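Participant: Take this structure, written in structure tokens, and hold onto it; I'll ask about it next.
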Amino acid sequence: MMTNTSTDHAPTPAGPSSSGASVLRPLAYHRLLLSPAQGTRWWRPLAVVGATVGLYLAFVLPLLILTVVAMEGTFGDRWIPTPELSDPSNPADMVVGLGMIALMVPAAALGMRWAGRAPGILHSVRRRVRWELLLRAGVVLLPLYALVNTAQFLVAPPADLAWPTVNAHTLLLYVLFVLLVPLQCAGEEYVFRGLPLQVFGTWLRSPLWGILIPVPFFVLAHGYDWVGQIDIAVFAVCMGALTWKSGGLECAIVLHTANNLTLFLFTTFSASSTLEQGAVDPMLLLISLPVTLGSTAWIWWWVSRRYGVRALEPVVEVARRGAACA
């Protein structure tokens with residue numbers, strides 16, 4: 001699926017420029033920790049992982065403490081979370097459940113910045129979020145997934161399907177979904193796609209290691225049966241491949257958000273809907289897999305055309321000038 005192009009190697013001088021400085025060969029996303037600015041210490045990826053875990057625990061602990069306090073009814077009935085944190089009609093469940101995953105974003109980004117001495121590289125090869133890429137992908141993917149998920153919902157509607165009551169509670173839920181679901185999706189992409197690609201990419205040239213090794217962990221993080229696990233595994237591989245191909249996490253985050261956000265919004269139409277995971281109808285694979293694979297193929301083609309790279313080549317960082325690496 002992926003080939004080792006010249007951009008997959010550690011940075012080497014590409015020859016002197018007209019000004020006398022050496023031009024460093026640009027790196028692919030999964031090799032960015034090998035930039036001379038960071039050095040190539042073998043232990044640096046381990047330090048990044050350790051810092052990310054430590055920061056995440058520091059961020060999530062206050063949220064857990066507030067959750068325990070809220071369970072005593074301190075903040076009112078509306079803000080009493082359930083033990084499973086899986087009730088989409090409960091604002092407290094959404095704040096805690098989605099918030100805990102969203103906190104992975106600052107933990108991973110700061111872990112890479114401080115322990116990896118590489119600010120911004122988890123976002124993309126531009127060392128920043130490429131908002132223009134994210135927004136243009138969203139214009140296509142959000143309507144597509146809204147249409148597909150709406151069709152699925154109407155074909156197999158729940159028994160208690162009904163229009164949601166228009167009140168402050170429903171409005172609050174919609175606001176929480178719109179604000180927190182993209183962050184929840186981003187958190188999973190930073191931890192299960194970006195971090196593994198760059199950690200394993202420091203030691204191994206092929207991006208396949210960083211794409212495939214996290215897949216079982218991502219699958220186990222979801223409580224579906226074997227049908228759902230197939231769907232999740234295919235999704236994980238596609239998101240990892242897109243991250244490598246596009247040179248950043250933006251496209252994977254948008255696709256992930258497009259799917260999850262519409263599903264969360266539909267929970268307000270059914271009181272029996274929960275976020276608990278379990279058995280999945282095998283027939284749903286006939287819809288979900290083609291949509292995932294088709295969306296991935298479209299993004300792959302679009303990114304290749306937009307950045308002028310061949311089909312099996314990744315988008316790489318912009319060539320930089322500086323001293324040759326030792």
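Here's how to read the names in the structure tokens: chain A, B, ... by the order shown, residue numbers from 1 in each chain, ligand numbers from 1 in the order shown.
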Would you tabulate, counting only C-alpha atoms, all residues of range 116-222 of chain A that have an atom at most 12 Å from an atom of range 292-314 of chain A, showing the closest pair of atoms and their distance in Å to one decimal, sorted by chain then ascending number, as CSV?
Facilitator:
```
residue,atom,partner,partner_atom,distance
A:Ser124,CA,A:Pro314,CA,11.8
A:Val125,CA,A:Pro314,CA,10.3
A:Glu132,CA,A:Arg306,CA,11.7
A:Leu133,CA,A:Val303,CA,9.0
A:Leu134,CA,A:Ile299,CA,11.2
A:Arg136,CA,A:Trp302,CA,10.5
A:Ala137,CA,A:Ile299,CA,7.8
A:Gly138,CA,A:Ile299,CA,10.9
A:Val140,CA,A:Ser295,CA,9.5
A:Leu141,CA,A:Ser295,CA,7.6
A:Leu142,CA,A:Ser295,CA,11.0
A:Leu144,CA,A:Ser295,CA,9.0
A:Tyr145,CA,A:Ser295,CA,9.6
A:Val148,CA,A:Thr292,CA,11.0
A:Ser206,CA,A:Pro314,CA,12.0
A:Pro207,CA,A:Pro314,CA,10.3
```
Participant: Deliver the residues from the most recent selection as a file, using all heavy atoms, as a compact mmCIF listing (two decimals), in the first residue's frame.
Facilitator:
```
# COMPACT_ATOMS: atom_id res chain seq x y z
N SER A 124 0.72 18.34 11.80
CA SER A 124 0.96 18.09 10.38
C SER A 124 2.41 18.36 10.04
O SER A 124 3.19 18.82 10.88
CB SER A 124 0.07 18.99 9.51
OG SER A 124 0.55 20.32 9.51
N VAL A 125 2.77 18.11 8.79
CA VAL A 125 4.13 18.38 8.32
C VAL A 125 4.40 19.88 8.27
O VAL A 125 5.56 20.30 8.15
CB VAL A 125 4.38 17.76 6.94
CG1 VAL A 125 4.40 16.24 7.01
CG2 VAL A 125 3.32 18.23 5.92
N GLU A 132 -7.27 25.19 6.26
CA GLU A 132 -7.86 25.21 4.93
C GLU A 132 -8.14 23.80 4.43
O GLU A 132 -9.17 23.53 3.80
CB GLU A 132 -6.95 25.97 3.95
CG GLU A 132 -5.62 25.31 3.61
CD GLU A 132 -4.57 25.38 4.70
OE1 GLU A 132 -4.81 26.05 5.73
OE2 GLU A 132 -3.49 24.78 4.52
N LEU A 133 -7.25 22.87 4.74
CA LEU A 133 -7.45 21.48 4.35
C LEU A 133 -8.60 20.87 5.14
O LEU A 133 -9.45 20.16 4.59
CB LEU A 133 -6.16 20.69 4.59
CG LEU A 133 -6.15 19.23 4.14
CD1 LEU A 133 -6.17 19.15 2.62
CD2 LEU A 133 -4.92 18.51 4.67
N LEU A 134 -8.64 21.14 6.42
CA LEU A 134 -9.68 20.61 7.29
C LEU A 134 -11.06 21.09 6.85
O LEU A 134 -12.01 20.30 6.75
CB LEU A 134 -9.38 21.02 8.73
CG LEU A 134 -10.25 20.45 9.84
CD1 LEU A 134 -9.43 20.31 11.12
CD2 LEU A 134 -11.46 21.34 10.12
N ARG A 136 -12.05 22.34 3.88
CA ARG A 136 -12.45 21.88 2.54
C ARG A 136 -12.87 20.41 2.57
O ARG A 136 -13.80 20.03 1.87
CB ARG A 136 -11.32 22.10 1.56
CG ARG A 136 -11.05 23.57 1.26
CD ARG A 136 -10.13 23.77 0.08
NE ARG A 136 -9.89 25.18 -0.18
CZ ARG A 136 -9.26 25.64 -1.25
NH1 ARG A 136 -8.80 24.80 -2.17
NH2 ARG A 136 -9.09 26.93 -1.42
N ALA A 137 -12.19 19.60 3.36
CA ALA A 137 -12.60 18.21 3.49
C ALA A 137 -13.95 18.12 4.18
O ALA A 137 -14.80 17.29 3.82
CB ALA A 137 -11.54 17.42 4.27
N GLY A 138 -14.19 18.98 5.16
CA GLY A 138 -15.44 18.97 5.88
C GLY A 138 -16.63 19.33 5.02
O GLY A 138 -17.74 18.80 5.23
N VAL A 140 -17.24 18.39 2.12
CA VAL A 140 -17.69 17.19 1.40
C VAL A 140 -18.13 16.10 2.38
O VAL A 140 -19.19 15.48 2.21
CB VAL A 140 -16.56 16.65 0.49
CG1 VAL A 140 -16.96 15.32 -0.15
CG2 VAL A 140 -16.22 17.68 -0.58
N LEU A 141 -17.33 15.85 3.42
CA LEU A 141 -17.56 14.69 4.28
C LEU A 141 -18.73 14.85 5.24
O LEU A 141 -19.46 13.89 5.51
CB LEU A 141 -16.28 14.37 5.06
CG LEU A 141 -15.10 13.91 4.20
CD1 LEU A 141 -13.84 13.76 5.05
CD2 LEU A 141 -15.41 12.59 3.50
N LEU A 142 -18.93 16.04 5.78
CA LEU A 142 -20.03 16.22 6.72
C LEU A 142 -21.40 15.98 6.07
O LEU A 142 -22.22 15.23 6.62
CB LEU A 142 -19.96 17.61 7.34
CG LEU A 142 -18.87 17.80 8.42
CD1 LEU A 142 -18.71 19.27 8.78
CD2 LEU A 142 -19.21 16.99 9.66
N LEU A 144 -21.98 14.18 3.41
CA LEU A 144 -22.02 12.78 2.99
C LEU A 144 -22.42 11.88 4.15
O LEU A 144 -23.34 11.04 4.02
CB LEU A 144 -20.65 12.36 2.45
CG LEU A 144 -20.48 10.86 2.17
CD1 LEU A 144 -21.43 10.41 1.06
CD2 LEU A 144 -19.03 10.53 1.82
N TYR A 145 -21.77 12.03 5.29
CA TYR A 145 -22.08 11.17 6.43
C TYR A 145 -23.44 11.50 7.04
O TYR A 145 -24.12 10.62 7.56
CB TYR A 145 -20.97 11.26 7.48
CG TYR A 145 -19.86 10.27 7.21
CD1 TYR A 145 -18.83 10.58 6.34
CD2 TYR A 145 -19.86 9.02 7.80
CE1 TYR A 145 -17.82 9.67 6.06
CE2 TYR A 145 -18.87 8.10 7.54
CZ TYR A 145 -17.84 8.43 6.67
OH TYR A 145 -16.85 7.51 6.40
N VAL A 148 -25.80 9.54 4.76
CA VAL A 148 -25.71 8.09 4.96
C VAL A 148 -26.31 7.69 6.31
O VAL A 148 -27.11 6.74 6.39
CB VAL A 148 -24.25 7.62 4.85
CG1 VAL A 148 -24.13 6.16 5.28
CG2 VAL A 148 -23.74 7.80 3.43
N SER A 206 9.33 2.26 7.46
CA SER A 206 8.01 2.04 6.88
C SER A 206 6.92 2.62 7.78
O SER A 206 6.92 2.38 8.99
CB SER A 206 7.76 0.55 6.67
OG SER A 206 6.41 0.33 6.25
N PRO A 207 5.96 3.33 7.21
CA PRO A 207 4.84 3.84 8.02
C PRO A 207 3.87 2.76 8.45
O PRO A 207 3.01 2.99 9.30
CB PRO A 207 4.16 4.83 7.07
CG PRO A 207 4.47 4.31 5.70
CD PRO A 207 5.86 3.75 5.79
```
Participant: I want to know what sits within 6 Å of range 87-102 of chain A, based on only C-alpha atoms, with residues of the same chain fewer than 4 positions away left out; could you give that as a ChimeraX atom specification?
Facilitator: /A:79,81,183-184,187,274
Participant: Work out how far apart CA of Pro214 in chain A and CA of Pro143 in chain A are and give it in Å to one decimal.
Facilitator: 28.9 Å
Participant: As a PyMOL selection string, please: all residues of range 28-88 of chain A that backbone DSSP puts in helix (DSSP H, G or I).
Facilitator: chain A and resi 29-34+44-70+77-79
Participant: Could the residues in this selection be written to a file with N, CA, C and O atoms, as a short mmCIF file (atom, residue, chain, number, x, y, z; two decimals), in the first residue's frame?
Facilitator:
```
data_model
loop_
_atom_site.label_atom_id
_atom_site.label_comp_id
_atom_site.auth_asym_id
_atom_site.auth_seq_id
_atom_site.Cartn_x
_atom_site.Cartn_y
_atom_site.Cartn_z
N TYR A 29 5.43 12.62 7.33
CA TYR A 29 4.84 12.84 8.65
C TYR A 29 5.40 11.89 9.69
O TYR A 29 5.77 12.31 10.80
N HIS A 30 5.53 10.62 9.36
CA HIS A 30 5.91 9.64 10.37
C HIS A 30 7.39 9.71 10.74
O HIS A 30 7.82 9.07 11.69
N ARG A 31 8.17 10.53 10.01
CA ARG A 31 9.61 10.65 10.28
C ARG A 31 10.00 12.02 10.85
O ARG A 31 11.19 12.32 10.97
N LEU A 32 9.02 12.81 11.23
CA LEU A 32 9.32 14.19 11.64
C LEU A 32 10.16 14.29 12.91
O LEU A 32 10.84 15.29 13.11
N LEU A 33 10.12 13.29 13.77
CA LEU A 33 10.95 13.34 14.97
C LEU A 33 12.43 13.21 14.66
O LEU A 33 13.27 13.41 15.53
N LEU A 34 12.76 12.85 13.41
CA LEU A 34 14.15 12.75 13.00
C LEU A 34 14.72 14.07 12.50
O LEU A 34 15.86 14.12 12.06
N ARG A 44 13.98 9.24 22.69
CA ARG A 44 13.08 10.40 22.68
C ARG A 44 11.60 10.01 22.49
O ARG A 44 10.73 10.56 23.17
N PRO A 45 11.28 9.07 21.60
CA PRO A 45 9.87 8.67 21.49
C PRO A 45 9.30 8.11 22.79
O PRO A 45 8.13 8.34 23.11
N LEU A 46 10.13 7.39 23.54
CA LEU A 46 9.66 6.85 24.83
C LEU A 46 9.39 7.99 25.81
O LEU A 46 8.42 7.93 26.58
N ALA A 47 10.21 9.02 25.76
CA ALA A 47 9.98 10.17 26.62
C ALA A 47 8.68 10.88 26.25
O ALA A 47 7.95 11.36 27.12
N VAL A 48 8.39 10.95 24.95
CA VAL A 48 7.15 11.58 24.49
C VAL A 48 5.94 10.81 25.01
O VAL A 48 4.98 11.40 25.51
N VAL A 49 5.99 9.48 24.89
CA VAL A 49 4.87 8.66 25.37
C VAL A 49 4.71 8.82 26.88
O VAL A 49 3.59 8.99 27.39
N GLY A 50 5.81 8.78 27.62
CA GLY A 50 5.74 8.94 29.06
C GLY A 50 5.18 10.30 29.47
O GLY A 50 4.35 10.39 30.38
N ALA A 51 5.63 11.34 28.79
CA ALA A 51 5.13 12.68 29.10
C ALA A 51 3.66 12.82 28.76
O ALA A 51 2.89 13.44 29.51
N THR A 52 3.23 12.21 27.65
CA THR A 52 1.83 12.27 27.26
C THR A 52 0.95 11.58 28.29
O THR A 52 -0.10 12.11 28.68
N VAL A 53 1.36 10.40 28.75
CA VAL A 53 0.59 9.68 29.77
C VAL A 53 0.52 10.49 31.06
O VAL A 53 -0.54 10.62 31.67
N GLY A 54 1.65 11.02 31.49
CA GLY A 54 1.67 11.81 32.71
C GLY A 54 0.79 13.05 32.63
O GLY A 54 0.05 13.36 33.56
N LEU A 55 0.88 13.75 31.51
CA LEU A 55 0.05 14.94 31.34
C LEU A 55 -1.43 14.59 31.29
O LEU A 55 -2.26 15.30 31.86
N TYR A 56 -1.75 13.49 30.63
CA TYR A 56 -3.16 13.10 30.54
C TYR A 56 -3.73 12.80 31.94
O TYR A 56 -4.84 13.24 32.27
N LEU A 57 -2.97 12.08 32.74
CA LEU A 57 -3.43 11.78 34.09
C LEU A 57 -3.60 13.06 34.90
O LEU A 57 -4.56 13.20 35.68
N ALA A 58 -2.70 14.01 34.70
CA ALA A 58 -2.80 15.29 35.42
C ALA A 58 -4.03 16.08 34.97
O ALA A 58 -4.67 16.76 35.78
N PHE A 59 -4.36 15.99 33.69
CA PHE A 59 -5.52 16.72 33.17
C PHE A 59 -6.84 16.06 33.58
O PHE A 59 -7.82 16.74 33.87
N VAL A 60 -6.87 14.73 33.56
CA VAL A 60 -8.14 14.03 33.75
C VAL A 60 -8.51 13.87 35.23
O VAL A 60 -9.69 13.73 35.56
N LEU A 61 -7.52 13.91 36.10
CA LEU A 61 -7.80 13.73 37.53
C LEU A 61 -8.77 14.77 38.08
O LEU A 61 -9.73 14.41 38.78
N PRO A 62 -8.58 16.06 37.79
CA PRO A 62 -9.57 17.04 38.29
C PRO A 62 -10.98 16.78 37.75
O PRO A 62 -11.96 16.98 38.47
N LEU A 63 -11.08 16.33 36.49
CA LEU A 63 -12.39 16.04 35.92
C LEU A 63 -13.05 14.86 36.64
O LEU A 63 -14.26 14.87 36.90
N LEU A 64 -12.25 13.86 36.99
CA LEU A 64 -12.80 12.72 37.73
C LEU A 64 -13.25 13.12 39.13
O LEU A 64 -14.26 12.63 39.63
N ILE A 65 -12.49 14.00 39.75
CA ILE A 65 -12.88 14.48 41.08
C ILE A 65 -14.20 15.23 41.00
O ILE A 65 -15.11 15.04 41.83
N LEU A 66 -14.36 16.10 40.00
CA LEU A 66 -15.61 16.81 39.82
C LEU A 66 -16.77 15.85 39.55
O LEU A 66 -17.91 16.08 39.97
N THR A 67 -16.47 14.77 38.83
CA THR A 67 -17.51 13.78 38.53
C THR A 67 -18.01 13.12 39.81
O THR A 67 -19.22 12.94 40.00
N VAL A 68 -17.10 12.74 40.69
CA VAL A 68 -17.48 12.13 41.96
C VAL A 68 -18.31 13.11 42.79
O VAL A 68 -19.33 12.74 43.39
N VAL A 69 -17.89 14.37 42.80
CA VAL A 69 -18.64 15.39 43.55
C VAL A 69 -20.04 15.56 42.94
O VAL A 69 -21.03 15.68 43.66
N ALA A 70 -20.11 15.56 41.60
CA ALA A 70 -21.40 15.75 40.93
C ALA A 70 -22.35 14.60 41.21
O ALA A 70 -23.57 14.79 41.27
N ASP A 77 -29.69 18.27 39.79
CA ASP A 77 -30.08 17.00 39.19
C ASP A 77 -29.58 16.85 37.76
O ASP A 77 -29.26 15.74 37.32
N ARG A 78 -29.53 17.93 37.01
CA ARG A 78 -29.13 17.84 35.61
C ARG A 78 -27.68 17.40 35.46
O ARG A 78 -27.30 16.82 34.45
N TRP A 79 -26.88 17.68 36.46
CA TRP A 79 -25.44 17.42 36.35
C TRP A 79 -25.00 16.23 37.20
O TRP A 79 -23.89 16.20 37.71
#
```
Participant: Looking at A:Val139, A:Thr268, A:His222, A:Gly210, which one is nearest to Thr165 in chain A, with distances taken over only C-alpha atoms?
Facilitator: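 The shortest atom-to-atom distance to Thr165 in chain A comes from A:Thr268.
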Participant: For Val166 in chain A, find every residue with an atom within 12 Å (counting only C-alpha atoms), except residues of its own chain fewer than 6 positions away, and show them as a PyMOL selection string.
Facilitator: chain A and resi 172-174+268-269
Participant: Give the answer as one residue: which of A:Glu189, A:Glu317, A:Asp231, A:Glu72 has the shortest atom-to-atom distance to Leu289 in chain A, using only C-alpha atoms?
Facilitator: A:Asp231
Participant: Just to confirm, what's the straight-line distance from CA of Ala279 in chain A to CA of Leu176 in chain A in Å (one decimal)?
Facilitator: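 Separating CA of Ala279 in chain A from CA of Leu176 in chain A is a distance of 26.8 Å.
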Participant: Could you check which of A:Ala221, A:Val315, A:Phe266, A:Phe235 is closest to Pro290 in chain A, using only C-alpha atoms?
Facilitator: A:Phe235
Participant: Using only C-alpha atoms, find the one residue out of A:Ile230, A:Leu171, A:Leu161, A:Arg117 that sits nearest to Ser288 in chain A.
Facilitator: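 Residue with the minimum atom-to-atom distance to Ser288 in chain A: A:Ile230.
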Participant: If you count only C-alpha atoms, which residues fall within 7 Å of Val219 in chain A, apart from same-chain ones fewer than 2 positions away, as a ChimeraX atom specification?
Facilitator: /A:215-217,221-222,229,232-233
Participant: Find the residues near Val105 in chain A: any atom within 7 Å, counting only C-alpha atoms, skip ones fewer than 4 places away on the same chain, and give them as a VMD selection string.
Facilitator: chain A and resid 109 186 to 187 190
Participant: Kindly export the residues of the current selection with all heavy atoms, as a PDB file, in the first residue's frame.
Facilitator:
```pdb
ATOM      1  N   ALA A 109      -0.146  16.766  22.405  1.00  0.00           N
ATOM      2  CA  ALA A 109       0.544  17.907  21.787  1.00  0.00           C
ATOM      3  C   ALA A 109       1.631  18.467  22.705  1.00  0.00           C
ATOM      4  O   ALA A 109       2.750  18.765  22.249  1.00  0.00           O
ATOM      5  CB  ALA A 109      -0.468  18.993  21.430  1.00  0.00           C
ATOM      6  N   ALA A 186     -10.790  14.189  17.629  1.00  0.00           N
ATOM      7  CA  ALA A 186      -9.403  14.633  17.526  1.00  0.00           C
ATOM      8  C   ALA A 186      -8.527  13.931  18.548  1.00  0.00           C
ATOM      9  O   ALA A 186      -7.401  13.518  18.255  1.00  0.00           O
ATOM     10  CB  ALA A 186      -9.327  16.151  17.713  1.00  0.00           C
ATOM     11  N   GLY A 187      -9.041  13.765  19.778  1.00  0.00           N
ATOM     12  CA  GLY A 187      -8.263  13.086  20.810  1.00  0.00           C
ATOM     13  C   GLY A 187      -7.892  11.674  20.402  1.00  0.00           C
ATOM     14  O   GLY A 187      -6.745  11.241  20.580  1.00  0.00           O
ATOM     15  N   TYR A 190      -5.156  11.864  17.603  1.00  0.00           N
ATOM     16  CA  TYR A 190      -3.833  12.241  18.091  1.00  0.00           C
ATOM     17  C   TYR A 190      -3.144  11.063  18.784  1.00  0.00           C
ATOM     18  O   TYR A 190      -1.944  10.848  18.620  1.00  0.00           O
ATOM     19  CB  TYR A 190      -3.935  13.420  19.058  1.00  0.00           C
ATOM     20  CG  TYR A 190      -3.921  14.768  18.387  1.00  0.00           C
ATOM     21  CD1 TYR A 190      -5.058  15.278  17.776  1.00  0.00           C
ATOM     22  CD2 TYR A 190      -2.767  15.548  18.349  1.00  0.00           C
ATOM     23  CE1 TYR A 190      -5.057  16.510  17.143  1.00  0.00           C
ATOM     24  CE2 TYR A 190      -2.742  16.781  17.719  1.00  0.00           C
ATOM     25  CZ  TYR A 190      -3.906  17.258  17.116  1.00  0.00           C
ATOM     26  OH  TYR A 190      -3.887  18.478  16.488  1.00  0.00           O
TER      27      TYR A 190
END
```
